[in-house]
file final_4.txt (compact mmCIF, C-alpha atoms)
# COMPACT_ATOMS: atom_id res chain seq x y z
CA MET D 1 -35.50 2.25 22.44
CA THR D 2 -33.31 0.60 19.84
CA ILE D 3 -35.01 -0.17 16.54
CA ASP D 4 -34.24 -3.71 15.43
CA LEU D 5 -34.34 -3.76 11.66
CA GLY D 6 -34.67 -7.52 11.73
CA LEU D 7 -31.67 -8.36 9.60
CA PRO D 8 -30.15 -11.68 10.62
CA GLU D 9 -26.53 -11.55 11.63
CA ALA D 10 -24.46 -11.78 8.48
CA PRO D 11 -22.95 -15.23 8.05
CA ALA D 12 -19.20 -15.59 7.88
CA VAL D 13 -17.58 -15.20 4.51
CA LEU D 14 -17.08 -18.39 2.57
CA ALA D 15 -13.35 -18.51 3.31
CA PRO D 16 -10.85 -16.47 5.32
CA ARG D 17 -8.74 -14.01 3.38
CA ARG D 18 -5.46 -15.26 1.99
CA LYS D 19 -2.67 -13.83 4.14
CA THR D 20 -0.69 -11.17 2.33
CA ARG D 21 1.79 -8.40 2.85
CA GLN D 22 0.14 -5.11 3.77
CA LEU D 23 0.29 -1.90 1.75
CA ASP D 24 -0.66 1.70 2.45
CA VAL D 25 -2.06 3.22 -0.74
CA GLY D 26 -2.57 6.87 0.10
CA GLY D 27 -4.17 6.06 3.43
CA VAL D 28 -6.20 3.08 2.16
CA GLY D 29 -4.96 -0.19 3.58
CA VAL D 30 -4.53 -2.92 1.00
CA GLY D 31 -3.99 -6.54 1.96
CA SER D 32 -5.55 -9.26 4.07
CA ASP D 33 -5.78 -7.07 7.19
CA HIS D 34 -8.02 -4.60 5.37
CA PRO D 35 -11.36 -4.66 3.54
CA VAL D 36 -11.31 -5.47 -0.16
CA SER D 37 -11.26 -2.09 -1.91
CA VAL D 38 -13.05 -1.00 -5.07
CA GLN D 39 -11.16 0.78 -7.82
CA SER D 40 -12.11 2.43 -11.08
CA MET D 41 -10.35 4.48 -13.72
CA THR D 42 -11.11 7.91 -15.11
CA THR D 43 -12.08 8.24 -18.76
CA THR D 44 -11.16 11.92 -19.06
CA LEU D 45 -7.93 13.26 -20.49
CA THR D 46 -5.72 13.39 -17.42
CA SER D 47 -4.24 16.61 -18.73
CA ASP D 48 -7.70 18.17 -18.26
CA VAL D 49 -7.34 18.61 -14.51
CA ASN D 50 -10.80 20.02 -13.85
CA ALA D 51 -12.64 17.34 -15.83
CA THR D 52 -10.57 14.60 -14.21
CA LEU D 53 -11.16 15.92 -10.69
CA GLN D 54 -14.88 16.23 -11.43
CA GLN D 55 -15.05 12.60 -12.47
CA ILE D 56 -13.01 11.56 -9.44
CA ALA D 57 -15.49 13.43 -7.24
CA GLU D 58 -18.37 11.52 -8.85
CA LEU D 59 -16.59 8.21 -8.34
CA THR D 60 -15.84 9.12 -4.73
CA ALA D 61 -19.52 9.87 -4.10
CA ALA D 62 -20.43 6.49 -5.60
CA GLY D 63 -18.17 4.69 -3.11
CA CYS D 64 -14.92 4.27 -5.05
CA ASP D 65 -11.94 3.72 -2.74
CA ILE D 66 -9.02 4.23 -5.13
CA VAL D 67 -8.92 5.75 -8.61
CA ARG D 68 -6.51 5.25 -11.48
CA VAL D 69 -5.61 7.85 -14.12
CA ALA D 70 -3.91 7.23 -17.44
CA VAL D 71 -0.56 8.92 -18.12
CA PRO D 72 0.26 8.42 -21.81
CA SER D 73 1.79 11.86 -22.43
CA ALA D 74 3.94 14.57 -20.92
CA ASP D 75 0.87 16.79 -20.51
CA ASP D 76 -0.78 14.08 -18.44
CA ALA D 77 2.31 13.70 -16.28
CA GLU D 78 2.39 17.45 -15.67
CA ALA D 79 -1.21 17.33 -14.44
CA LEU D 80 -0.53 14.67 -11.81
CA PRO D 81 0.60 16.94 -8.91
CA ALA D 82 -2.64 18.95 -8.97
CA ILE D 83 -4.81 15.84 -9.32
CA ALA D 84 -3.02 13.90 -6.58
CA LYS D 85 -3.23 16.88 -4.22
CA LYS D 86 -6.90 17.74 -4.78
CA SER D 87 -8.43 14.26 -5.08
CA ASN D 88 -10.31 13.03 -2.01
CA ILE D 89 -9.32 9.43 -2.69
CA PRO D 90 -5.90 7.96 -3.51
CA VAL D 91 -4.77 8.40 -7.11
CA ILE D 92 -2.79 5.71 -8.93
CA ALA D 93 -0.87 6.70 -12.06
CA ASP D 94 -1.25 4.16 -14.86
CA ILE D 95 2.00 3.97 -16.85
CA HIS D 96 2.66 2.31 -20.18
CA PHE D 97 5.50 2.61 -22.71
CA GLN D 98 7.56 5.39 -21.07
CA PRO D 99 9.47 4.67 -17.83
CA LYS D 100 10.12 8.39 -17.31
CA TYR D 101 6.46 8.84 -16.38
CA VAL D 102 6.91 6.43 -13.48
CA PHE D 103 9.35 8.86 -11.89
CA ALA D 104 7.07 11.79 -12.71
CA ALA D 105 4.18 10.06 -10.94
CA ILE D 106 6.28 9.32 -7.86
CA ASP D 107 7.50 12.92 -7.74
CA ALA D 108 3.90 14.15 -8.15
CA GLY D 109 2.84 12.44 -4.95
CA CYS D 110 0.61 9.79 -6.48
CA ALA D 111 -0.54 7.19 -3.96
CA ALA D 112 0.80 4.36 -6.14
CA VAL D 113 2.00 3.63 -9.64
CA ARG D 114 0.79 0.88 -11.95
CA VAL D 115 3.39 -0.38 -14.41
CA ASN D 116 2.97 -2.82 -17.27
CA PRO D 117 6.34 -4.56 -17.77
CA GLY D 118 5.24 -6.00 -21.11
CA ASN D 119 5.10 -2.66 -22.89
CA ILE D 120 7.51 -0.33 -21.07
CA LYS D 121 10.71 0.05 -23.05
CA LYS D 122 13.72 -1.52 -21.32
CA PHE D 123 11.67 -1.77 -18.13
CA ASP D 124 13.89 -4.37 -16.47
CA ASP D 125 16.90 -2.08 -16.85
CA LYS D 126 15.04 0.61 -14.89
CA VAL D 127 13.76 -1.54 -12.01
CA GLY D 128 16.57 -0.63 -9.62
CA GLU D 129 16.14 3.07 -10.20
CA ILE D 130 12.34 2.82 -9.90
CA ALA D 131 12.65 0.77 -6.70
CA ARG D 132 14.89 3.37 -5.09
CA ALA D 133 12.63 6.25 -6.04
CA ALA D 134 9.50 4.43 -4.89
CA LYS D 135 11.08 3.33 -1.62
CA ASP D 136 12.27 6.84 -0.84
CA ALA D 137 8.79 8.25 -1.47
CA GLY D 138 6.88 5.38 0.17
CA THR D 139 5.05 4.72 -3.08
CA PRO D 140 3.68 1.20 -3.73
CA ILE D 141 3.97 -0.30 -7.19
CA ARG D 142 1.38 -2.43 -8.93
CA ILE D 143 2.79 -4.84 -11.46
CA GLY D 144 -0.06 -5.09 -13.91
CA VAL D 145 0.28 -7.94 -16.38
CA ASN D 146 -2.25 -8.07 -19.20
CA ALA D 147 -2.93 -10.88 -21.64
CA GLY D 148 -2.70 -8.44 -24.54
CA SER D 149 0.72 -7.04 -23.68
CA LEU D 150 3.00 -9.81 -22.47
CA GLU D 151 6.74 -9.58 -23.00
CA PRO D 152 7.87 -11.06 -26.35
CA GLY D 153 10.04 -13.65 -24.60
CA ILE D 154 7.12 -14.93 -22.52
CA MET D 155 4.88 -15.09 -25.59
CA ALA D 156 7.56 -17.00 -27.50
CA LYS D 157 7.86 -19.50 -24.67
CA TYR D 158 4.14 -20.19 -24.16
CA GLY D 159 2.68 -19.31 -27.55
CA LYS D 160 -0.21 -17.37 -26.01
CA ALA D 161 -1.31 -15.73 -22.78
CA THR D 162 -1.80 -18.84 -20.67
CA PRO D 163 -2.28 -18.63 -16.90
CA GLU D 164 1.28 -19.85 -16.48
CA ALA D 165 2.59 -17.17 -18.83
CA LEU D 166 0.80 -14.39 -16.94
CA VAL D 167 2.09 -15.62 -13.60
CA GLU D 168 5.66 -16.09 -14.81
CA SER D 169 5.73 -12.55 -16.14
CA ALA D 170 4.41 -11.06 -12.91
CA LEU D 171 6.66 -13.02 -10.58
CA TRP D 172 9.74 -12.33 -12.69
CA GLU D 173 9.18 -8.60 -12.41
CA ALA D 174 8.44 -8.86 -8.70
CA SER D 175 11.70 -10.75 -8.22
CA LEU D 176 13.62 -7.92 -9.87
CA PHE D 177 12.15 -5.45 -7.37
CA ALA D 178 12.90 -7.87 -4.54
CA GLU D 179 16.56 -7.87 -5.55
CA HIS D 180 16.55 -4.20 -4.59
CA GLU D 181 14.76 -4.89 -1.29
CA PHE D 182 11.53 -3.39 -2.56
CA HIS D 183 8.41 -5.34 -1.58
CA ASP D 184 5.60 -2.76 -1.53
CA ILE D 185 4.06 -4.49 -4.49
CA LYS D 186 0.57 -5.43 -5.61
CA ILE D 187 0.08 -7.71 -8.60
CA SER D 188 -2.62 -8.24 -11.21
CA VAL D 189 -2.72 -10.86 -13.97
CA LYS D 190 -5.70 -9.88 -16.08
CA HIS D 191 -7.29 -11.77 -18.93
CA HIS D 192 -10.52 -11.25 -20.86
CA ASP D 193 -11.55 -14.88 -20.31
CA PRO D 194 -12.81 -15.46 -16.74
CA VAL D 195 -11.68 -19.09 -16.63
CA THR D 196 -8.14 -18.23 -17.68
CA MET D 197 -8.10 -15.26 -15.33
CA VAL D 198 -9.27 -17.31 -12.34
CA ARG D 199 -6.67 -19.98 -12.95
CA ALA D 200 -3.92 -17.37 -13.25
CA TYR D 201 -4.82 -15.85 -9.89
CA GLU D 202 -5.03 -19.27 -8.28
CA LEU D 203 -1.51 -20.04 -9.42
CA LEU D 204 -0.25 -16.62 -8.38
CA ALA D 205 -1.84 -16.90 -4.92
CA GLU D 206 -0.01 -20.17 -4.37
CA GLN D 207 3.39 -18.71 -5.24
CA CYS D 208 3.56 -15.34 -3.47
CA ASP D 209 2.20 -13.34 -0.57
CA TYR D 210 1.76 -10.04 -2.40
CA PRO D 211 -1.70 -8.44 -2.35
CA LEU D 212 -3.63 -9.14 -5.54
CA HIS D 213 -5.73 -6.78 -7.63
CA LEU D 214 -8.53 -8.65 -9.42
CA GLY D 215 -9.77 -7.76 -12.87
CA VAL D 216 -11.25 -9.31 -15.98
CA THR D 217 -9.73 -7.04 -18.58
CA GLU D 218 -11.85 -5.83 -21.48
CA ALA D 219 -14.85 -7.49 -19.83
CA GLY D 220 -17.26 -5.84 -22.28
CA PRO D 221 -20.51 -3.85 -22.14
CA THR D 222 -22.37 -3.50 -18.87
CA PHE D 223 -24.36 -6.73 -18.90
CA GLN D 224 -21.66 -9.01 -20.26
CA GLY D 225 -18.93 -7.35 -18.23
CA THR D 226 -20.93 -7.59 -15.03
CA ILE D 227 -21.54 -11.30 -15.54
CA LYS D 228 -17.89 -12.02 -16.38
CA SER D 229 -16.58 -10.00 -13.46
CA ALA D 230 -19.07 -11.32 -10.92
CA THR D 231 -18.34 -14.90 -11.98
CA ALA D 232 -14.57 -14.52 -11.81
CA PHE D 233 -14.47 -12.38 -8.68
CA GLY D 234 -16.93 -14.66 -6.90
CA ALA D 235 -14.82 -17.71 -7.66
CA LEU D 236 -11.72 -16.06 -6.20
CA LEU D 237 -13.16 -13.98 -3.36
CA SER D 238 -15.11 -16.98 -2.09
CA ARG D 239 -11.72 -18.61 -1.50
CA GLY D 240 -10.20 -15.53 0.13
CA ILE D 241 -8.19 -14.49 -2.94
CA GLY D 242 -8.25 -10.81 -3.85
CA ASP D 243 -7.50 -7.54 -2.09
CA THR D 244 -8.65 -4.89 -4.55
CA ILE D 245 -11.00 -5.16 -7.52
CA ARG D 246 -11.87 -3.27 -10.66
CA VAL D 247 -14.86 -4.15 -12.82
CA SER D 248 -13.75 -3.19 -16.34
CA LEU D 249 -16.85 -2.15 -18.28
CA SER D 250 -17.48 -0.41 -21.57
CA ALA D 251 -19.65 1.97 -19.60
CA PRO D 252 -19.27 5.10 -17.46
CA PRO D 253 -16.82 4.35 -14.64
CA ILE D 254 -19.43 5.03 -11.99
CA GLU D 255 -21.12 1.82 -13.17
CA GLU D 256 -17.89 -0.07 -12.47
CA VAL D 257 -18.02 1.14 -8.88
CA ARG D 258 -21.67 0.23 -8.42
CA VAL D 259 -21.14 -3.27 -9.76
CA GLY D 260 -17.97 -3.75 -7.71
CA LEU D 261 -19.64 -2.69 -4.49
CA SER D 262 -22.63 -4.92 -5.19
CA ILE D 263 -20.33 -7.90 -5.73
CA LEU D 264 -18.60 -7.30 -2.40
CA GLU D 265 -21.90 -6.74 -0.58
CA SER D 266 -23.35 -9.95 -2.00
CA MET D 267 -20.41 -11.88 -0.52
CA ASN D 268 -20.56 -10.12 2.86
CA LEU D 269 -17.23 -8.43 2.17
CA ARG D 270 -18.96 -5.05 2.57
CA PRO D 271 -21.89 -4.19 4.85
CA ARG D 272 -25.13 -4.64 2.97
CA LYS D 273 -27.38 -1.62 2.56
CA LEU D 274 -30.80 -1.62 0.97
CA GLU D 275 -31.69 -5.04 -0.43
CA ILE D 276 -34.74 -5.67 -2.58
CA VAL D 277 -35.99 -9.27 -2.53
CA SER D 278 -38.40 -9.76 -5.41
CA CYS D 279 -39.76 -12.80 -7.18
CA PRO D 280 -39.01 -13.43 -10.88
CA SER D 281 -42.77 -13.65 -11.55
CA CYS D 282 -44.57 -16.59 -13.12
CA GLY D 283 -48.06 -17.63 -14.17
CA ARG D 284 -49.20 -17.50 -10.53
CA ALA D 285 -48.46 -13.78 -10.18
CA GLN D 286 -51.55 -11.62 -9.91
CA VAL D 287 -49.71 -8.28 -10.04
CA ASP D 288 -47.03 -6.77 -12.25
CA VAL D 289 -44.05 -7.75 -10.09
CA TYR D 290 -41.52 -6.18 -12.46
CA LYS D 291 -43.21 -2.80 -12.22
CA LEU D 292 -43.64 -3.04 -8.44
CA ALA D 293 -40.00 -3.97 -7.86
CA ASP D 294 -38.73 -1.21 -10.17
CA GLU D 295 -40.92 1.45 -8.55
CA VAL D 296 -39.98 0.44 -5.00
CA THR D 297 -36.29 0.37 -5.94
CA ALA D 298 -36.53 3.83 -7.51
CA GLY D 299 -38.45 5.20 -4.53
CA LEU D 300 -35.83 4.00 -2.06
CA GLU D 301 -32.76 4.91 -4.10
CA GLY D 302 -30.09 6.42 -1.89
CA MET D 303 -31.18 4.67 1.28
CA GLU D 304 -28.14 3.57 3.28
CA VAL D 305 -29.94 1.76 6.10
CA PRO D 306 -29.48 -2.04 5.99
CA LEU D 307 -33.09 -2.76 5.12
CA ARG D 308 -34.41 -5.88 3.39
CA VAL D 309 -37.60 -5.21 1.44
CA ALA D 310 -39.54 -8.11 -0.13
CA VAL D 311 -41.77 -7.48 -3.13
CA MET D 312 -43.67 -10.68 -3.85
CA GLY D 313 -46.33 -11.40 -6.42
CA CYS D 314 -48.33 -14.40 -5.27
CA VAL D 315 -49.49 -16.35 -2.22
CA VAL D 316 -47.11 -19.32 -2.65
CA ASN D 317 -43.79 -17.86 -1.48
CA GLY D 318 -44.99 -14.32 -0.89
CA PRO D 319 -46.09 -14.44 2.75
CA GLY D 320 -43.04 -16.41 3.86
CA GLU D 321 -40.56 -14.13 2.10
CA ALA D 322 -42.40 -11.03 3.31
CA ARG D 323 -42.29 -12.27 6.90
CA ASP D 324 -38.55 -12.91 6.68
CA ALA D 325 -37.88 -9.38 5.45
CA ASP D 326 -37.83 -6.19 7.51
CA LEU D 327 -40.58 -4.90 5.29
CA GLY D 328 -42.53 -6.66 2.60
CA VAL D 329 -45.64 -7.15 0.57
CA ALA D 330 -47.44 -10.31 -0.52
CA SER D 331 -49.68 -9.38 -3.43
CA GLY D 332 -52.74 -10.95 -4.98
CA ASN D 333 -56.38 -10.37 -5.92
CA GLY D 334 -55.82 -6.68 -6.48
CA LYS D 335 -54.40 -5.96 -3.04
CA GLY D 336 -51.29 -6.39 -0.96
CA GLN D 337 -50.62 -7.48 2.60
CA ILE D 338 -47.93 -5.25 4.12
CA PHE D 339 -45.58 -6.96 6.56
CA VAL D 340 -43.27 -5.25 9.07
CA LYS D 341 -40.98 -7.50 11.09
CA GLY D 342 -43.03 -10.53 10.11
CA GLU D 343 -46.40 -9.10 11.14
CA VAL D 344 -49.19 -7.96 8.84
CA ILE D 345 -49.81 -4.30 9.64
CA LYS D 346 -52.33 -3.49 6.91
CA THR D 347 -53.85 -4.57 3.64
CA VAL D 348 -53.94 -1.99 0.87
CA PRO D 349 -55.24 -1.82 -2.71
CA GLU D 350 -52.72 -2.71 -5.38
CA ALA D 351 -52.48 0.95 -6.45
CA GLN D 352 -51.22 1.89 -2.97
CA ILE D 353 -48.61 -0.84 -2.50
CA VAL D 354 -45.58 1.16 -3.67
CA GLU D 355 -46.58 4.29 -1.76
CA THR D 356 -47.18 2.29 1.42
CA LEU D 357 -43.90 0.39 1.21
CA ILE D 358 -41.93 3.59 0.72
CA GLU D 359 -43.72 5.28 3.64
CA GLU D 360 -43.00 2.35 5.95
CA ALA D 361 -39.37 2.14 4.84
CA LEU D 362 -38.85 5.84 5.55
CA ARG D 363 -40.57 5.45 8.92
CA LEU D 364 -38.22 2.63 9.90
CA ALA D 365 -35.25 4.64 8.73
CA GLU D 366 -36.38 7.71 10.65
CA GLU D 367 -36.86 5.70 13.83
CA ALA D 368 -33.41 4.22 13.43
CA GLY D 369 -31.96 7.71 12.95
CA GLU D 370 -33.74 9.04 16.05
CA ASP D 371 -32.37 6.19 18.14
CA GLU D 372 -28.87 6.91 16.92
CA LEU D 373 -29.18 10.54 18.01
CA ALA D 374 -30.46 9.40 21.40
CA GLY D 375 -27.10 7.73 22.12
CA GLY D 376 -26.54 4.71 24.35
CA GLN D 377 -26.90 1.35 22.65
CA ALA D 378 -28.69 3.10 19.83
CA GLY D 379 -25.40 4.72 18.95
CA ASN D 380 -24.69 1.63 16.87
CA ALA D 381 -27.98 1.87 14.98
CA PRO D 382 -27.71 2.32 11.21
CA THR D 383 -28.11 5.72 9.63
CA VAL D 384 -30.00 6.60 6.51
CA THR D 385 -29.62 9.10 3.74
CA VAL D 386 -32.48 9.31 1.28
CA GLY D 387 -31.60 10.91 -2.05

call {"tool": "encode", "arguments": {"input": "final_4.txt", "output": "structure tokens"}}
result
Amino acid sequence: MTIDLGLPEAPAVLAPRRKTRQLDVGGVGVGSDHPVSVQSMTTTLTSDVNATLQQIAELTAAGCDIVRVAVPSADDAEALPAIAKKSNIPVIADIHFQPKYVFAAIDAGCAAVRVNPGNIKKFDDKVGEIARAAKDAGTPIRIGVNAGSLEPGIMAKYGKATPEALVESALWEASLFAEHEFHDIKISVKHHDPVTMVRAYELLAEQCDYPLHLGVTEAGPTFQGTIKSATAFGALLSRGIGDTIRVSLSAPPIEEVRVGLSILESMNLRPRKLEIVSCPSCGRAQVDVYKLADEVTAGLEGMEVPLRVAVMGCVVNGPGEARDADLGVASGNGKGQIFVKGEVIKTVPEAQIVETLIEEALRLAEEAGEDELAGGQAGNAPTVTVG
């Protein structure tokens, strides 16, 4: 028997993806024919191969699709072959200032190279040579334009990093590669201000068909950076603009991955997993909703099954939300009504609500797992891993 977890069929995304060229970044497809991928960047010294690979392993476990490593020195460049070979996800070399490291990264077998034309010495003079090396190796190039490092000529023309300035810089560099018949290019035009950033990507999307990497650069600490990134990414992804994303936080990179995945899941660009629906609480609440929601979330951490759990604190919206969820509780008067698939299965004292919800969630997950093992139609049932 197939276990129906009760999730409604996910609605279509808000807009179809903007049609782009397609890239192969170390086995990860990038472009409109592929899912939007999540990137992050290591914070270790790249020259410390073991520490860098350890952090890459942690990012991989968190769901990161592609990772970027900084290459500011010769020692870092020398570490690239070992890192590229041993990483379980594609490695992009991030190059600034020295064009020779671009060639080192290509020779090392990196999945792609990010270049910043605004701060690489005599970059335009090296484009032909870089294009030939990248084409021969099948290595895509990301042209990464940042508001803080535009070419002097562009800054002189516009006075500051306007959306038009960012786009002109990126398209000029892309045109130089195109002159050498190299088109395996991805572009980013990052800015710390979400409004400026969104406008820059809108303009860029209108003027080229290259895949676009989204980012609000220097977004800030976790809370501020999450808000900025979610706002900007939501504005663009809801219109089909964006093929890879990085949430730039002043926080451990694993947090960037978690936020990025959550943004994509919230927009149905990734399959949703565990979802906690909980009320914000108000004067009607007769239980500590904050504590309940936190304890249920902690108890179900690691669950991969697409389960919607409602934790509600009063009788106004509680029963309706709980019925709509796969599993839920409507609380009040020192007790909670436990709902499964819209039906009340039991009423428990407030002290037992969390324990009961976790037990029922694990039961549903186990039943789903048993059906998957049984084969047949249940072969498409979701799986669960509880950590």

call {"tool": "closest_residue", "arguments": {"input": "final_4.txt", "among": "D:Gly302, D:Gly144, D:Gly215, D:Gly153", "to": "Leu171 of chain D", "atoms": "all atoms listed in the file"}}
result
D:Gly144

call {"tool": "atom_distance", "arguments": {"input": "final_4.txt", "atom1": "atom CA of Glu173 of chain D", "atom2": "atom CA of Ile92 of chain D"}}
result
19.0 Å

call {"tool": "closest_residue", "arguments": {"input": "final_4.txt", "among": "D:Phe123, D:Val257, D:Gly336, D:Ala361", "to": "Pro349 of chain D", "atoms": "only C-alpha atoms"}}
result
D:Gly336

call {"tool": "atom_distance", "arguments": {"input": "final_4.txt", "atom1": "atom CA of Asp124 of chain D", "atom2": "atom CA of Tyr101 of chain D"}}
result
15.2 Å

call {"tool": "closest_residue", "arguments": {"input": "final_4.txt", "among": "D:Val49, D:Leu300, D:Leu212, D:Leu59", "to": "Ala82 of chain D", "atoms": "all atoms listed in the file"}}
result
D:Val49

call {"tool": "atom_distance", "arguments": {"input": "final_4.txt", "atom1": "atom CA of Thr43 of chain D", "atom2": "atom CA of Ile241 of chain D"}}
result
28.0 Å

call {"tool": "residues_around", "arguments": {"input": "final_4.txt", "residues": "Val28 of chain D", "least_positions_apart": "5", "cutoff": "9 Å", "atoms": "all atoms listed in the file", "output": "list in words"}}
result
Leu23, His34, Ser37, Asp65, Ile66, Ile89 and Pro90 of chain D

call {"tool": "residues_around", "arguments": {"input": "final_4.txt", "residues": "segment 185-199 of chain D", "least_positions_apart": "6", "cutoff": "8 Å", "atoms": "all atoms listed in the file", "output": "ChimeraX atom specification"}}
result
/D:23,140-148,162-163,166-167,170,174,210-219,228-229,231-232,235-236

call {"tool": "residues_around", "arguments": {"input": "final_4.txt", "residues": "Thr42 of chain D", "least_positions_apart": "5", "cutoff": "8 Å", "atoms": "all atoms listed in the file", "output": "VMD selection string"}}
result
chain D and resid 52 55 to 56 67 to 70 253

call {"tool": "closest_residue", "arguments": {"input": "final_4.txt", "among": "D:Asn119, D:Met303, D:Phe182, D:Leu237", "to": "Glu265 of chain D", "atoms": "only C-alpha atoms"}}
result
D:Leu237

call {"tool": "closest_residue", "arguments": {"input": "final_4.txt", "among": "D:Leu80, D:Val354, D:Arg18, D:Pro72", "to": "Leu204 of chain D", "atoms": "all atoms listed in the file"}}
result
D:Arg18

call {"tool": "closest_residue", "arguments": {"input": "final_4.txt", "among": "D:Val113, D:Tyr201, D:Arg17, D:Arg308", "to": "Arg272 of chain D", "atoms": "only C-alpha atoms"}}
result
D:Arg308

call {"tool": "build_atoms", "arguments": {"input": "final_4.txt", "residues": "segment 26-44 of chain D", "atoms": "N, CA and C atoms", "output": "PDB file, in the frame of the given file"}}
result
ATOM      1  N   GLY D  26      -1.994   5.556  -0.167  1.00  0.00           N
ATOM      2  CA  GLY D  26      -2.570   6.870   0.100  1.00  0.00           C
ATOM      3  C   GLY D  26      -3.545   6.900   1.246  1.00  0.00           C
ATOM      4  N   GLY D  27      -3.278   6.099   2.274  1.00  0.00           N
ATOM      5  CA  GLY D  27      -4.170   6.060   3.430  1.00  0.00           C
ATOM      6  C   GLY D  27      -5.182   4.931   3.391  1.00  0.00           C
ATOM      7  N   VAL D  28      -5.316   4.247   2.268  1.00  0.00           N
ATOM      8  CA  VAL D  28      -6.200   3.080   2.160  1.00  0.00           C
ATOM      9  C   VAL D  28      -5.362   1.825   2.347  1.00  0.00           C
ATOM     10  N   GLY D  29      -5.682   1.051   3.355  1.00  0.00           N
ATOM     11  CA  GLY D  29      -4.960  -0.190   3.580  1.00  0.00           C
ATOM     12  C   GLY D  29      -5.326  -1.228   2.544  1.00  0.00           C
ATOM     13  N   VAL D  30      -4.313  -1.882   2.010  1.00  0.00           N
ATOM     14  CA  VAL D  30      -4.530  -2.920   1.000  1.00  0.00           C
ATOM     15  C   VAL D  30      -3.812  -4.177   1.452  1.00  0.00           C
ATOM     16  N   GLY D  31      -4.544  -5.273   1.509  1.00  0.00           N
ATOM     17  CA  GLY D  31      -3.990  -6.540   1.960  1.00  0.00           C
ATOM     18  C   GLY D  31      -4.987  -7.252   2.858  1.00  0.00           C
ATOM     19  N   SER D  32      -4.608  -8.398   3.347  1.00  0.00           N
ATOM     20  CA  SER D  32      -5.550  -9.260   4.070  1.00  0.00           C
ATOM     21  C   SER D  32      -6.025  -8.691   5.385  1.00  0.00           C
ATOM     22  N   ASP D  33      -5.333  -7.696   5.935  1.00  0.00           N
ATOM     23  CA  ASP D  33      -5.780  -7.070   7.190  1.00  0.00           C
ATOM     24  C   ASP D  33      -6.801  -5.972   6.952  1.00  0.00           C
ATOM     25  N   HIS D  34      -7.147  -5.726   5.703  1.00  0.00           N
ATOM     26  CA  HIS D  34      -8.020  -4.600   5.370  1.00  0.00           C
ATOM     27  C   HIS D  34      -9.164  -5.067   4.472  1.00  0.00           C
ATOM     28  N   PRO D  35     -10.255  -4.295   4.436  1.00  0.00           N
ATOM     29  CA  PRO D  35     -11.360  -4.660   3.540  1.00  0.00           C
ATOM     30  C   PRO D  35     -10.914  -4.654   2.080  1.00  0.00           C
ATOM     31  N   VAL D  36     -11.557  -5.476   1.278  1.00  0.00           N
ATOM     32  CA  VAL D  36     -11.310  -5.470  -0.160  1.00  0.00           C
ATOM     33  C   VAL D  36     -11.784  -4.119  -0.704  1.00  0.00           C
ATOM     34  N   SER D  37     -10.919  -3.425  -1.426  1.00  0.00           N
ATOM     35  CA  SER D  37     -11.260  -2.090  -1.910  1.00  0.00           C
ATOM     36  C   SER D  37     -11.696  -2.118  -3.367  1.00  0.00           C
ATOM     37  N   VAL D  38     -12.510  -1.112  -3.716  1.00  0.00           N
ATOM     38  CA  VAL D  38     -13.050  -1.000  -5.070  1.00  0.00           C
ATOM     39  C   VAL D  38     -12.328   0.122  -5.805  1.00  0.00           C
ATOM     40  N   GLN D  39     -11.854  -0.198  -6.993  1.00  0.00           N
ATOM     41  CA  GLN D  39     -11.160   0.780  -7.820  1.00  0.00           C
ATOM     42  C   GLN D  39     -11.932   1.021  -9.111  1.00  0.00           C
ATOM     43  N   SER D  40     -11.646   2.159  -9.724  1.00  0.00           N
ATOM     44  CA  SER D  40     -12.110   2.430 -11.080  1.00  0.00           C
ATOM     45  C   SER D  40     -11.039   3.282 -11.748  1.00  0.00           C
ATOM     46  N   MET D  41     -11.330   3.704 -12.973  1.00  0.00           N
ATOM     47  CA  MET D  41     -10.350   4.480 -13.720  1.00  0.00           C
ATOM     48  C   MET D  41     -11.066   5.614 -14.463  1.00  0.00           C
ATOM     49  N   THR D  42     -10.488   6.786 -14.426  1.00  0.00           N
ATOM     50  CA  THR D  42     -11.110   7.910 -15.110  1.00  0.00           C
ATOM     51  C   THR D  42     -11.058   7.716 -16.622  1.00  0.00           C
ATOM     52  N   THR D  43     -12.035   8.309 -17.299  1.00  0.00           N
ATOM     53  CA  THR D  43     -12.080   8.240 -18.760  1.00  0.00           C
ATOM     54  C   THR D  43     -11.753   9.598 -19.384  1.00  0.00           C
ATOM     55  N   THR D  44     -11.497  10.598 -18.561  1.00  0.00           N
ATOM     56  CA  THR D  44     -11.160  11.920 -19.060  1.00  0.00           C
ATOM     57  C   THR D  44      -9.693  11.957 -19.498  1.00  0.00           C
TER      58      THR D  44
END
